[in-house]
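Chemist: My structure is stored as entry.cif, with mmCIF, C-alpha atoms.
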data_model
#
loop_
_atom_site.label_atom_id
_atom_site.label_comp_id
_atom_site.auth_asym_id
_atom_site.auth_seq_id
_atom_site.Cartn_x
_atom_site.Cartn_y
_atom_site.Cartn_z
CA MET A 6 -3.05 21.45 -16.57
CA THR A 7 -3.85 18.87 -13.88
CA VAL A 8 -2.32 15.43 -14.44
CA LEU A 9 -4.31 12.55 -12.96
CA PHE A 10 -3.86 8.82 -12.72
CA ALA A 11 -6.76 6.54 -11.81
CA GLN A 12 -6.84 3.07 -10.34
CA GLY A 13 -10.21 1.69 -9.32
CA ASP A 14 -11.86 4.25 -7.07
CA LEU A 15 -8.64 6.22 -6.52
CA LEU A 16 -7.57 9.41 -8.28
CA ILE A 17 -3.87 10.26 -8.01
CA GLU A 18 -3.09 13.92 -8.78
CA VAL A 19 0.39 15.16 -9.62
CA ILE A 20 1.10 18.27 -7.53
CA ASP A 21 4.05 20.60 -7.06
CA ASP A 22 6.82 18.81 -5.21
CA LEU A 23 6.82 19.46 -1.46
CA GLN A 24 8.34 18.12 1.71
CA PRO A 25 6.19 15.70 3.74
CA SER A 26 4.18 17.41 6.46
CA GLY A 27 1.42 16.53 8.89
CA ALA A 28 1.26 12.87 9.94
CA ILE A 29 3.66 10.40 8.34
CA ILE A 30 1.89 7.11 7.53
CA PRO A 31 4.18 4.15 8.20
CA ALA A 32 4.37 1.08 5.99
CA ALA A 33 2.37 -1.99 6.99
CA PRO A 34 4.19 -4.84 8.78
CA ASP A 35 4.73 -6.55 5.40
CA GLY A 36 6.54 -3.44 4.10
CA ALA A 37 3.72 -2.29 1.83
CA HIS A 38 2.59 1.32 1.83
CA VAL A 39 -1.19 0.83 1.87
CA VAL A 40 -2.76 3.68 -0.06
CA ALA A 41 -6.29 2.26 0.27
CA GLU A 42 -7.99 -0.99 1.13
CA GLY A 43 -11.17 -2.30 -0.46
CA GLU A 44 -14.11 -2.28 1.92
CA VAL A 45 -15.78 -5.26 0.27
CA THR A 46 -12.95 -7.31 -1.24
CA GLY A 47 -10.14 -6.36 1.13
CA HIS A 48 -7.83 -5.93 -1.85
CA ARG A 49 -5.23 -3.25 -1.21
CA HIS A 50 -3.89 -0.45 -3.38
CA ILE A 51 -0.22 -0.66 -2.35
CA ILE A 52 3.21 0.69 -3.15
CA LEU A 53 6.05 -1.71 -2.39
CA ASP A 54 8.75 0.76 -3.39
CA ASN A 55 10.41 3.27 -1.06
CA VAL A 56 8.02 6.24 -0.77
CA THR A 57 6.85 8.58 1.97
CA MET A 58 3.11 8.66 2.67
CA PHE A 59 1.72 11.49 4.73
CA ARG A 60 -1.59 13.07 5.57
CA ASP A 61 -1.94 16.82 5.94
CA ASP A 62 -5.57 17.95 5.88
CA GLY A 63 -4.42 21.54 5.34
CA LEU A 64 -3.12 20.51 1.90
CA ALA A 65 -6.50 19.04 0.96
CA ARG A 66 -8.96 21.82 1.85
CA ASP A 67 -10.33 21.84 -1.70
CA ILE A 68 -11.21 18.12 -1.62
CA PRO A 69 -14.73 17.28 -0.37
CA HIS A 70 -14.89 15.81 3.13
CA GLY A 71 -14.20 12.11 3.30
CA LEU A 72 -12.52 11.82 -0.10
CA TYR A 73 -8.95 12.81 0.82
CA VAL A 74 -6.72 9.77 1.37
CA ALA A 75 -3.12 11.00 1.68
CA HIS A 76 -0.10 12.41 -0.13
CA VAL A 77 2.65 10.22 -1.56
CA ARG A 78 6.16 11.46 -2.23
CA VAL A 79 8.24 9.37 -4.62
CA ASP A 80 11.98 10.03 -4.31
CA GLU A 81 13.17 7.15 -6.48
CA PRO A 82 12.93 7.37 -10.28
CA THR A 83 9.67 5.37 -10.21
CA ALA A 84 7.28 3.72 -7.76
CA PHE A 85 4.49 1.35 -8.72
CA LEU A 86 0.95 1.51 -7.35
CA GLU A 87 -0.36 -2.06 -7.42
CA HIS A 88 -3.75 -3.71 -6.99
CA ASP A 89 -4.94 -7.28 -7.53
CA GLU A 90 -7.69 -6.28 -9.98
CA HIS A 91 -6.02 -3.43 -11.89
CA ASP A 92 -2.87 -2.84 -13.89
CA ALA A 93 -0.01 -1.32 -11.92
CA ILE A 94 0.58 2.41 -12.37
CA ALA A 95 4.13 3.75 -12.64
CA LEU A 96 4.46 6.97 -10.65
CA PRO A 97 7.54 9.00 -11.62
CA ARG A 98 9.56 10.90 -9.01
CA GLY A 99 7.42 13.66 -7.49
CA THR A 100 4.57 14.32 -5.08
CA TYR A 101 0.99 13.10 -5.47
CA ARG A 102 -2.28 13.80 -3.73
CA VAL A 103 -4.56 10.77 -3.49
CA ARG A 104 -8.33 10.92 -3.18
CA ARG A 105 -11.26 8.62 -3.64
CA GLN A 106 -13.58 9.15 -6.55
CA ARG A 107 -17.16 9.90 -5.73
CA GLU A 108 -19.61 7.22 -6.79
CA LEU A 109 -22.78 8.74 -8.16
CA GLU A 110 -26.14 7.06 -8.05
CA PRO A 111 -28.57 7.44 -10.99
CA ARG A 112 -30.73 9.72 -8.84
CA ASP A 113 -27.72 12.10 -8.57
CA ALA A 114 -27.68 12.76 -12.33
CA ARG A 115 -29.66 15.66 -13.69
CA ILE A 116 -29.97 17.62 -16.91
CA VAL A 117 -29.34 21.34 -16.68
CA MET A 118 -31.08 23.50 -19.26
CA ASP A 119 -29.88 27.06 -19.86
#
Mind turning this structure into structure tokens?
Modeler:
Amino acid sequence: MTVLFAQGDLLIEVIDDLQPSGAIIPAAPDGAHVVAEGEVTGHRHIILDNVTMFRDDGLARDIPHGLYVAHVRVDEPTAFLEHDEHDAIALPRGTYRVRRQRELEPRDARIVMD
């Protein structure tokens, strides 16, 4: 069973634990690990705790193009994903794959009749 967390337009998927690979994403100058930044508001989805963020496109082949954000590995007992407009999410020790949710327009909806 897939375990997902959601915060705004982000989906955070619990995956099997793995070592960071690909490109390591450093923390911002203020020490925050910026998972995503709002295009309109500029509000950031951030983790202030000690985590490793990395991007390895080979680990995200099943995610549609443009939706993969990164992987986050939490080595401490808990790390908190924070955002100004949403409640913080406690992420227990483990590895997570982060993607953006797709926003559907009304014209994208359709009824399928069998």
Chemist: Taking only C-alpha atoms into account, name the residue in A:Val19, A:Ala11, A:Val103, A:Ala37 that is nearest to Gly71 of chain A.
Modeler: A:Val103
Chemist: Would you mind listing what lies within 9 Å of Val74 of chain A as a PyMOL selection string, with all atoms listed in the file counted and same-chain residues fewer than 6 positions away left out?
Modeler: chain A and resi 15+40-41+60+102-105
Chemist: Please indicate the distance in Å from atom CA of Asn55 of chain A to atom CA of Leu86 of chain A, rounded to one decimal place.
Modeler: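 Answer for the atom CA of Asn55 of chain A to atom CA of Leu86 of chain A separation: 11.5 Å.
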Chemist: For atom CA of Asp22 of chain A and atom CA of Gly43 of chain A, determine how far apart the two atoms are, in Å to one decimal place.
Modeler: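 Computed distance, atom CA of Asp22 of chain A to atom CA of Gly43 of chain A, equals 28.1 Å.
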Chemist: Counting all atoms listed in the file, which of A:Ile17, A:Val56, A:Arg107, A:His48 gets nearest to Gly36 of chain A?
Modeler: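 Of the candidates, the smallest distance to Gly36 of chain A is held by A:Val56.
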Chemist: Convert the output of the PyMOL selection byres ((chain A and resi 93) around 12) on the shown file into explicit residues, formatted as a ChimeraX atom specification.
Modeler: /A:10-13,50-53,83-92,94-96
Chemist: If we count all atoms listed in the file and set the cut-off at 12 Å, which residues sit around Gly63 of chain A, ignoring sequence neighbours fewer than 2 positions away in its own chain? Please answer as a compact mmCIF listing (two decimals) with C-alpha atoms, keeping the file's coordinate frame.
Modeler:
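What landed in selection-v4.txt:
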# COMPACT_ATOMS: atom_id res chain seq x y z
CA SER A 26 4.18 17.41 6.46
CA GLY A 27 1.42 16.53 8.89
CA ALA A 28 1.26 12.87 9.94
CA PHE A 59 1.72 11.49 4.73
CA ARG A 60 -1.59 13.07 5.57
CA ASP A 61 -1.94 16.82 5.94
CA ALA A 65 -6.50 19.04 0.96
CA ARG A 66 -8.96 21.82 1.85
CA ASP A 67 -10.33 21.84 -1.70
CA ILE A 68 -11.21 18.12 -1.62
CA TYR A 73 -8.95 12.81 0.82
CA ALA A 75 -3.12 11.00 1.68
CA HIS A 76 -0.10 12.41 -0.13
Chemist: Where does the PyMOL selection byres ((chain A and resi 57) around 8) land in this file, that is, which residues does it pick, as a list in words?
Modeler: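 After applying the PyMOL selection byres ((chain A and resi 57) around 8), what remains is Pro25, Ile29, Ile30, Asn55, Val56, Met58, Phe59, Val77, Arg78 and Val79 of chain A.
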Chemist: Atom CA of Asp80 of chain A to atom CA of Gly99 of chain A: how many Å, to one decimal?
Modeler: 6.6 Å
Chemist: Which residue out of A:Ala33, A:Leu72, A:Met118, A:Leu23 has the minimum interatomic distance to Thr100 of chain A when all atoms listed in the file are used?
Modeler: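 Smallest separation from Thr100 of chain A among the options: A:Leu23.
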